[in-house]
Amino acid sequence: MVPGHQRVPSVTKAADVALIAPDAPIILFMGGPGGGKTKYAAKIREALEDRGLVHICMPDLVKNAVAKYKDRYPEWRDAAEKYQRGELIPNHLAQDLVKAEMGRYPYAKAYFLEGFPREARQVEDFERNVRPVNMALILDYDEDTLRRHMQNRGLSADVIDRRIHEFKQKTLPSAKYFDDQRLLHLIPGEKDDQVIIDRMKKLVLRAIDLGVPITNSNPPSAAETPIEEAAPPAIHVRNGASRTPNGTKPPTAQSNRSNGSAKSNKSNGSVKETNSSSPVHSAPRSRPATNASRASRISGRSVQKTPSVASQREDDIMGHRGSIPNDENATPRASPEAIHEEAHVSHAEEVAQTYTSTSVADIFPKGLPANAPVILIIGAPGSHKSELAEMISKKYDGFIHLSMGELLRRKVIENPDDELWTRVGRKMDSGDVVPTKICREILYTTLHEVGSQSWGYILEGYPRTLEQAEEFENQLGRLDLALLVDCTEQFCRDSLAKRLRDARVTGTTERLDDETELVTTRLETFKQNTLPMLKHLDDKGKLRVVRIGHSERRCFKILADYLKTPMDVL
């Protein structure tokens with residue numbers, strides 16, 4: 001907002017309070033000018049809307065916002081002038097539009113963003129202020145095809161040149177940023193419409209079903225791997241998707257030019273790319289450095305074809321296409337004919353295939369292994385809910401206490417070399433929400449492994465959302481009582497700060513998510529996700545509230561009194 005200006009557009013207010021589904025992947029759809037992105041995005045929306053996909057079209061949002069606000073707010077008047085000249089509107093306004101629109105769909109299964117973020121700064125701001133992008137799709141054409149499409153629409157040569165130039169200078173550095181993280185998937189634009197749509201649907205469905213970043217170990221070029229015959233790209237769960245400190249940020253056009261831009265021989269469409277070897281975490285992020293030992297290809301064309309815009313720009317960034325990196329360990333160049341996509345299936349892909357092809361009801365039988373009461377202990381981080389749940393389970397012989405946090409942490413420790421559990425560990429360390437499907441599988445597996453002789457179940461840490469609670473009741477058949485441990489936010493902060501101090505003094509393992517900044521994130525996530533579930537439980541008469549203001553033993557006594565009713569049925 002302009003300094004001193006008191007009125008705030010409604011979209012800015014909406015962006016400030018937007019509730020964005022924490023488990024929903026964010027999928028970015030990019031492509032060169034004249035490539036038909038909007039047509040394909042609309043087809044994907046029509047096909048997957050009933051699966052919870054929310055399509056956000058930035059051009060439409062900007063057009064409507066300019067018409068609505070240009071005569072009422074000075075900064076939107078300036079934005080309207082930029083829009084009329086074909087320039088990008090200010091980044092903070094664009095981000096407000098997208099964030100507010102995402103907030104309209106708090107129960108989305110996935111967000112499909114078309115046209116934003118486009119340039120490096122937009123990507124950086126979006127990932128810092130909204131959420132990290134989980135998957136990027138780029139519609140890949142050669143430059144001649146894009147020019148021909150725009151000429152057929154009656155655009156002048158000057159306009160076409162400017163749009164191609166902006167795409168190379170602004171969008172392609174962002175594409176390379178996602179490719180460095182193995183999040184970029186190339187969609188060959190020359191294929192039939194149905195082939196393009198089918199490939200996009202397959203990738204988007206994987207993102208929805210897995211609920212975590214879908215990464216590509218070796219993105220194929222359009223020319224090398226015919227879509228109809230290719231094995232699907234390998235899926236890997238990217239470490240550090242939460243982007244904690246010491247990661248990379250999208251390269252700006254200026255940083256790209258600094259890497260060297262010797263003009264190349266355009267007769268060969270193959271691209272030698274060097275990626276940053278450092279893992280991707282979050283702000284403050286350093287610019288990606290080239291590393292010849294991780295050279296890899298992202299796109300290629302036959303000798304007879306004009307290189308794609310993406311290929312040409314990557315060539316400008318990385319240097320002469322015929323040069324060999326000055327590194328003995330550099331991967332030797334392979335000819336386009338010799339490159340084939342390997343049908344490599346990582347552990348994460350196996351999990352994805354399981355989720356895609358099999359519902360929870362298929363994997364686990366309906367109901368509990370023993371017909372015993374189910375009691376939820378609900379509380380914010382630092383509310384001592386784990387300790388209280390453990391005390392209750394010890395008092396009542398035959399009750400088992402299952403803590404979702406402990407179950408997940410144990411899995412992470414037991415599987416140090418597994419990419420899926422490494423990814424989960426990083427999400428937990430950074431205070432992020434672990435995908436529902438992973439939590440659900442580990443909880444139901446544990447229940448059926450250890451719960452057949454149980455006289456009761458004390459569950460803590462799951463479910464956390466309304467959707468999880470509804471699915472939980474449907475799958476297990478009962479949820480007898482939910483106890484909300486009510487305490488002040490300051491109590492939680494003090495409790496977690498003490499736990500962190502004690503761990504440092506005693507030399508025991510610290511929980512990284514107990515750091516002050518991450519505690520704030522965890523508390524906000526708890527409030528946003530849990531309130532609808534609490535209302536649902538209260539409406540059904542299953543919610544009880546206990547307040548922490550005295551000792552743990554007194555609080556435990558209150559909890560134990562609440563448990564008399566469900567225990568009487570044993």
# chains A, B, ... in the order shown; residues from 1 in each chain; ligands from 1

$ closest_atom_pairs --of "range 85-166 of chain A" --to "range 457-472 of chain A" --cutoff "12 Å" --atoms "only C-alpha atoms" --output "JSON lines"
{"residue": "A:Pro106", "atom": "CA", "partner": "A:Glu467", "partner_atom": "CA", "distance": 11.3}
{"residue": "A:Tyr107", "atom": "CA", "partner": "A:Glu467", "partner_atom": "CA", "distance": 8.5}
{"residue": "A:Ala108", "atom": "CA", "partner": "A:Glu467", "partner_atom": "CA", "distance": 11.2}
{"residue": "A:Lys109", "atom": "CA", "partner": "A:Glu467", "partner_atom": "CA", "distance": 11.2}

$ residues_around --residues "Leu443 in chain A" --least-positions-apart "5" --cutoff "12 Å" --atoms "only C-alpha atoms" --output "list in words"
Val360, Phe364, Leu368, His401, Leu402, Ser403, Met404, Gly405, Glu406, Leu407, Leu408, Lys411, Thr436, Lys437, Ile438, His448, Glu449, Val450, Gly451, Tyr457, Leu459, Glu460, Gly461, Tyr462, Pro463, Phe472, Gln475 and Leu476 of chain A

$ select_by_dssp --residues "range 121-216 of chain A" --states "alpha helix (DSSP H)" --output "PyMOL selection string"
chain A and resi 121-129+143-152+157-166+172-180+193-210

$ atom_distance --atom1 "CA of Gln122 in chain A" --atom2 "CA of Met30 in chain A"
13.4 Å

$ residues_around --residues "range 498-500 of chain A" --least-positions-apart "5" --cutoff "12 Å" --atoms "only C-alpha atoms" --output "list in words"
Pro381, Gly382, Ser383, His384, Phe491, Cys492, Arg493, Val505, Thr506, Gly507, Thr508, Thr509, Glu510, Arg511, Leu512, Asp513, Asp514, Glu515, Thr516 and Val519 of chain A

$ closest_residue --among "A:Asp539, A:Asp23, A:Asp417, A:Glu49" --to "Leu205 in chain A" --atoms "only C-alpha atoms"
A:Glu49

$ residues_around --residues "Gly456 in chain A" --least-positions-apart "2" --cutoff "12 Å" --atoms "only C-alpha atoms" --output "PyMOL selection string"
chain A and resi 368-376+392-402+447+450-454+458-459+478-481+563+566-570

$ closest_residue --among "A:Val62, A:Ala482, A:Ala110, A:Val546" --to "Arg206 in chain A" --atoms "only C-alpha atoms"
A:Ala110

$ residues_around --residues "range 134-138 of chain A" --least-positions-apart "3" --cutoff "7 Å" --atoms "only C-alpha atoms" --output "PyMOL selection string"
chain A and resi 25-31+178+183-187+212-214

$ residues_around --residues "Glu166 in chain A" --least-positions-apart "4" --cutoff "12 Å" --atoms "only C-alpha atoms" --output "VMD selection string"
chain A and resid 31 to 33 86 to 88 118 to 119 159 to 162 170 to 173 253 309 313

$ write_last_selection --atoms "N, CA and C atoms" --output "mmCIF file, in the first residue's frame"
data_model
loop_
_atom_site.group_PDB
_atom_site.id
_atom_site.type_symbol
_atom_site.label_atom_id
_atom_site.label_comp_id
_atom_site.auth_asym_id
_atom_site.auth_seq_id
_atom_site.Cartn_x
_atom_site.Cartn_y
_atom_site.Cartn_z
ATOM 1 N N GLY A 31 5.099 -21.617 -19.712
ATOM 2 C CA GLY A 31 5.252 -21.874 -21.136
ATOM 3 C C GLY A 31 5.540 -20.585 -21.873
ATOM 4 N N GLY A 32 6.077 -20.707 -23.074
ATOM 5 C CA GLY A 32 6.396 -19.539 -23.872
ATOM 6 C C GLY A 32 5.155 -18.849 -24.406
ATOM 7 N N PRO A 33 5.291 -17.600 -24.851
ATOM 8 C CA PRO A 33 4.150 -16.866 -25.407
ATOM 9 C C PRO A 33 3.653 -17.537 -26.679
ATOM 10 N N GLY A 86 1.399 -3.726 -21.479
ATOM 11 C CA GLY A 86 1.862 -5.105 -21.612
ATOM 12 C C GLY A 86 2.951 -5.468 -20.630
ATOM 13 N N GLU A 87 3.124 -4.664 -19.561
ATOM 14 C CA GLU A 87 4.143 -4.936 -18.558
ATOM 15 C C GLU A 87 3.523 -5.673 -17.369
ATOM 16 N N LEU A 88 4.387 -6.254 -16.535
ATOM 17 C CA LEU A 88 3.920 -6.929 -15.330
ATOM 18 C C LEU A 88 3.488 -5.904 -14.289
ATOM 19 N N ARG A 118 6.154 -15.802 -12.349
ATOM 20 C CA ARG A 118 6.791 -15.929 -13.653
ATOM 21 C C ARG A 118 8.290 -15.698 -13.599
ATOM 22 N N GLU A 119 8.702 -14.602 -12.982
ATOM 23 C CA GLU A 119 10.123 -14.277 -12.986
ATOM 24 C C GLU A 119 10.753 -14.619 -11.646
ATOM 25 N N VAL A 159 6.296 -6.901 -31.368
ATOM 26 C CA VAL A 159 5.639 -7.459 -30.186
ATOM 27 C C VAL A 159 6.102 -8.893 -29.948
ATOM 28 N N ILE A 160 6.204 -9.665 -31.018
ATOM 29 C CA ILE A 160 6.651 -11.054 -30.897
ATOM 30 C C ILE A 160 8.065 -11.112 -30.342
ATOM 31 N N ASP A 161 8.958 -10.266 -30.887
ATOM 32 C CA ASP A 161 10.344 -10.248 -30.406
ATOM 33 C C ASP A 161 10.397 -9.904 -28.925
ATOM 34 N N ARG A 162 9.592 -8.917 -28.510
ATOM 35 C CA ARG A 162 9.621 -8.498 -27.108
ATOM 36 C C ARG A 162 9.142 -9.617 -26.188
ATOM 37 N N LYS A 170 13.164 -13.614 -18.265
ATOM 38 C CA LYS A 170 12.463 -13.626 -16.977
ATOM 39 C C LYS A 170 11.944 -15.005 -16.569
ATOM 40 N N THR A 171 11.324 -15.715 -17.497
ATOM 41 C CA THR A 171 10.687 -16.980 -17.121
ATOM 42 C C THR A 171 11.667 -18.138 -17.101
ATOM 43 N N LEU A 172 12.563 -18.213 -18.083
ATOM 44 C CA LEU A 172 13.464 -19.360 -18.160
ATOM 45 C C LEU A 172 14.421 -19.477 -16.978
ATOM 46 N N PRO A 173 14.923 -18.367 -16.409
ATOM 47 C CA PRO A 173 15.723 -18.529 -15.185
ATOM 48 C C PRO A 173 14.933 -19.200 -14.057
ATOM 49 N N ALA A 253 17.932 -12.557 -14.057
ATOM 50 C CA ALA A 253 18.555 -12.433 -15.369
ATOM 51 C C ALA A 253 19.977 -11.917 -15.247
ATOM 52 N N VAL A 309 12.971 -22.623 -27.252
ATOM 53 C CA VAL A 309 13.355 -21.400 -26.551
ATOM 54 C C VAL A 309 14.076 -21.747 -25.264
ATOM 55 N N ARG A 313 17.973 -20.588 -24.342
ATOM 56 C CA ARG A 313 18.307 -19.763 -23.182
ATOM 57 C C ARG A 313 19.278 -20.494 -22.266
#

$ residues_around --residues "Ile89 in chain A" --least-positions-apart "5" --cutoff "10 Å" --atoms "only C-alpha atoms" --output "list in words"
Val62, Val66, Glu75, Trp76, Asp78, Ala79, Ala80, Glu81, Lys82, Tyr83, Gln84 and Ala94 of chain A

$ write_last_selection --atoms "N, CA and C atoms" --output "CSV table (one decimal), in the first residue's frame"
chain,number,residue,atom,x,y,z
A,62,VAL,N,-5.7,-10.6,-12.9
A,62,VAL,CA,-5.1,-9.2,-13.1
A,62,VAL,C,-6.2,-8.4,-13.9
A,66,VAL,N,-7.7,-5.0,-12.1
A,66,VAL,CA,-7.4,-3.7,-12.7
A,66,VAL,C,-8.7,-3.0,-13.0
A,75,GLU,N,-2.1,3.0,-6.4
A,75,GLU,CA,-1.2,2.0,-6.8
A,75,GLU,C,-1.8,1.1,-7.9
A,76,TRP,N,-3.1,0.9,-7.8
A,76,TRP,CA,-3.8,0.1,-8.8
A,76,TRP,C,-3.9,0.9,-10.1
A,78,ASP,N,-1.6,3.0,-11.2
A,78,ASP,CA,-0.3,2.8,-11.8
A,78,ASP,C,-0.2,1.4,-12.4
A,79,ALA,N,-0.7,0.4,-11.7
A,79,ALA,CA,-0.7,-1.0,-12.2
A,79,ALA,C,-1.5,-1.1,-13.5
A,80,ALA,N,-2.6,-0.4,-13.6
A,80,ALA,CA,-3.4,-0.5,-14.8
A,80,ALA,C,-2.6,0.1,-16.0
A,81,GLU,N,-1.9,1.2,-15.7
A,81,GLU,CA,-1.1,1.7,-16.8
A,81,GLU,C,0.0,0.7,-17.3
A,82,LYS,N,0.6,0.0,-16.4
A,82,LYS,CA,1.6,-1.0,-16.7
A,82,LYS,C,0.9,-2.1,-17.5
A,83,TYR,N,-0.3,-2.5,-17.0
A,83,TYR,CA,-1.0,-3.6,-17.7
A,83,TYR,C,-1.3,-3.2,-19.1
A,84,GLN,N,-1.8,-1.9,-19.3
A,84,GLN,CA,-2.1,-1.5,-20.7
A,84,GLN,C,-0.9,-1.5,-21.6
A,94,ALA,N,0.4,-8.5,-7.4
A,94,ALA,CA,0.2,-9.8,-8.0
A,94,ALA,C,0.1,-10.9,-7.0

$ select_by_dssp --residues "range 9-121 of chain A" --states "strand (DSSP E or B)" --output "ChimeraX atom specification"
/A:26-31,53-57,110-114

$ write_last_selection --atoms "C-alpha atoms" --output "PDB file, in the first residue's frame"
ATOM      1  CA  ILE A  26       1.260 -26.079  -5.489  1.00  0.00           C
ATOM      2  CA  ILE A  27       1.757 -26.785  -9.189  1.00  0.00           C
ATOM      3  CA  LEU A  28       3.148 -24.069 -11.447  1.00  0.00           C
ATOM      4  CA  PHE A  29       2.320 -24.184 -15.181  1.00  0.00           C
ATOM      5  CA  MET A  30       4.702 -22.239 -17.421  1.00  0.00           C
ATOM      6  CA  GLY A  31       5.252 -21.874 -21.136  1.00  0.00           C
ATOM      7  CA  LEU A  53      -7.866 -29.191  -8.164  1.00  0.00           C
ATOM      8  CA  VAL A  54      -8.151 -25.403  -8.026  1.00  0.00           C
ATOM      9  CA  HIS A  55      -7.033 -23.593 -11.189  1.00  0.00           C
ATOM     10  CA  ILE A  56      -5.815 -20.035 -10.657  1.00  0.00           C
ATOM     11  CA  CYS A  57      -5.419 -18.077 -13.898  1.00  0.00           C
ATOM     12  CA  ALA A 110      -3.965 -28.989  -5.191  1.00  0.00           C
ATOM     13  CA  TYR A 111      -3.438 -25.474  -6.547  1.00  0.00           C
ATOM     14  CA  PHE A 112      -2.709 -25.182 -10.279  1.00  0.00           C
ATOM     15  CA  LEU A 113      -1.141 -21.766 -10.924  1.00  0.00           C
ATOM     16  CA  GLU A 114      -1.082 -20.422 -14.472  1.00  0.00           C
TER      17      GLU A 114
END

$ atom_distance --atom1 "CA of Leu48 in chain A" --atom2 "CA of Leu61 in chain A"
20.7 Å

$ closest_residue --among "A:Lys385, A:Lys542, A:His165, A:Lys43" --to "Ile197 in chain A" --atoms "only C-alpha atoms"
A:Lys43
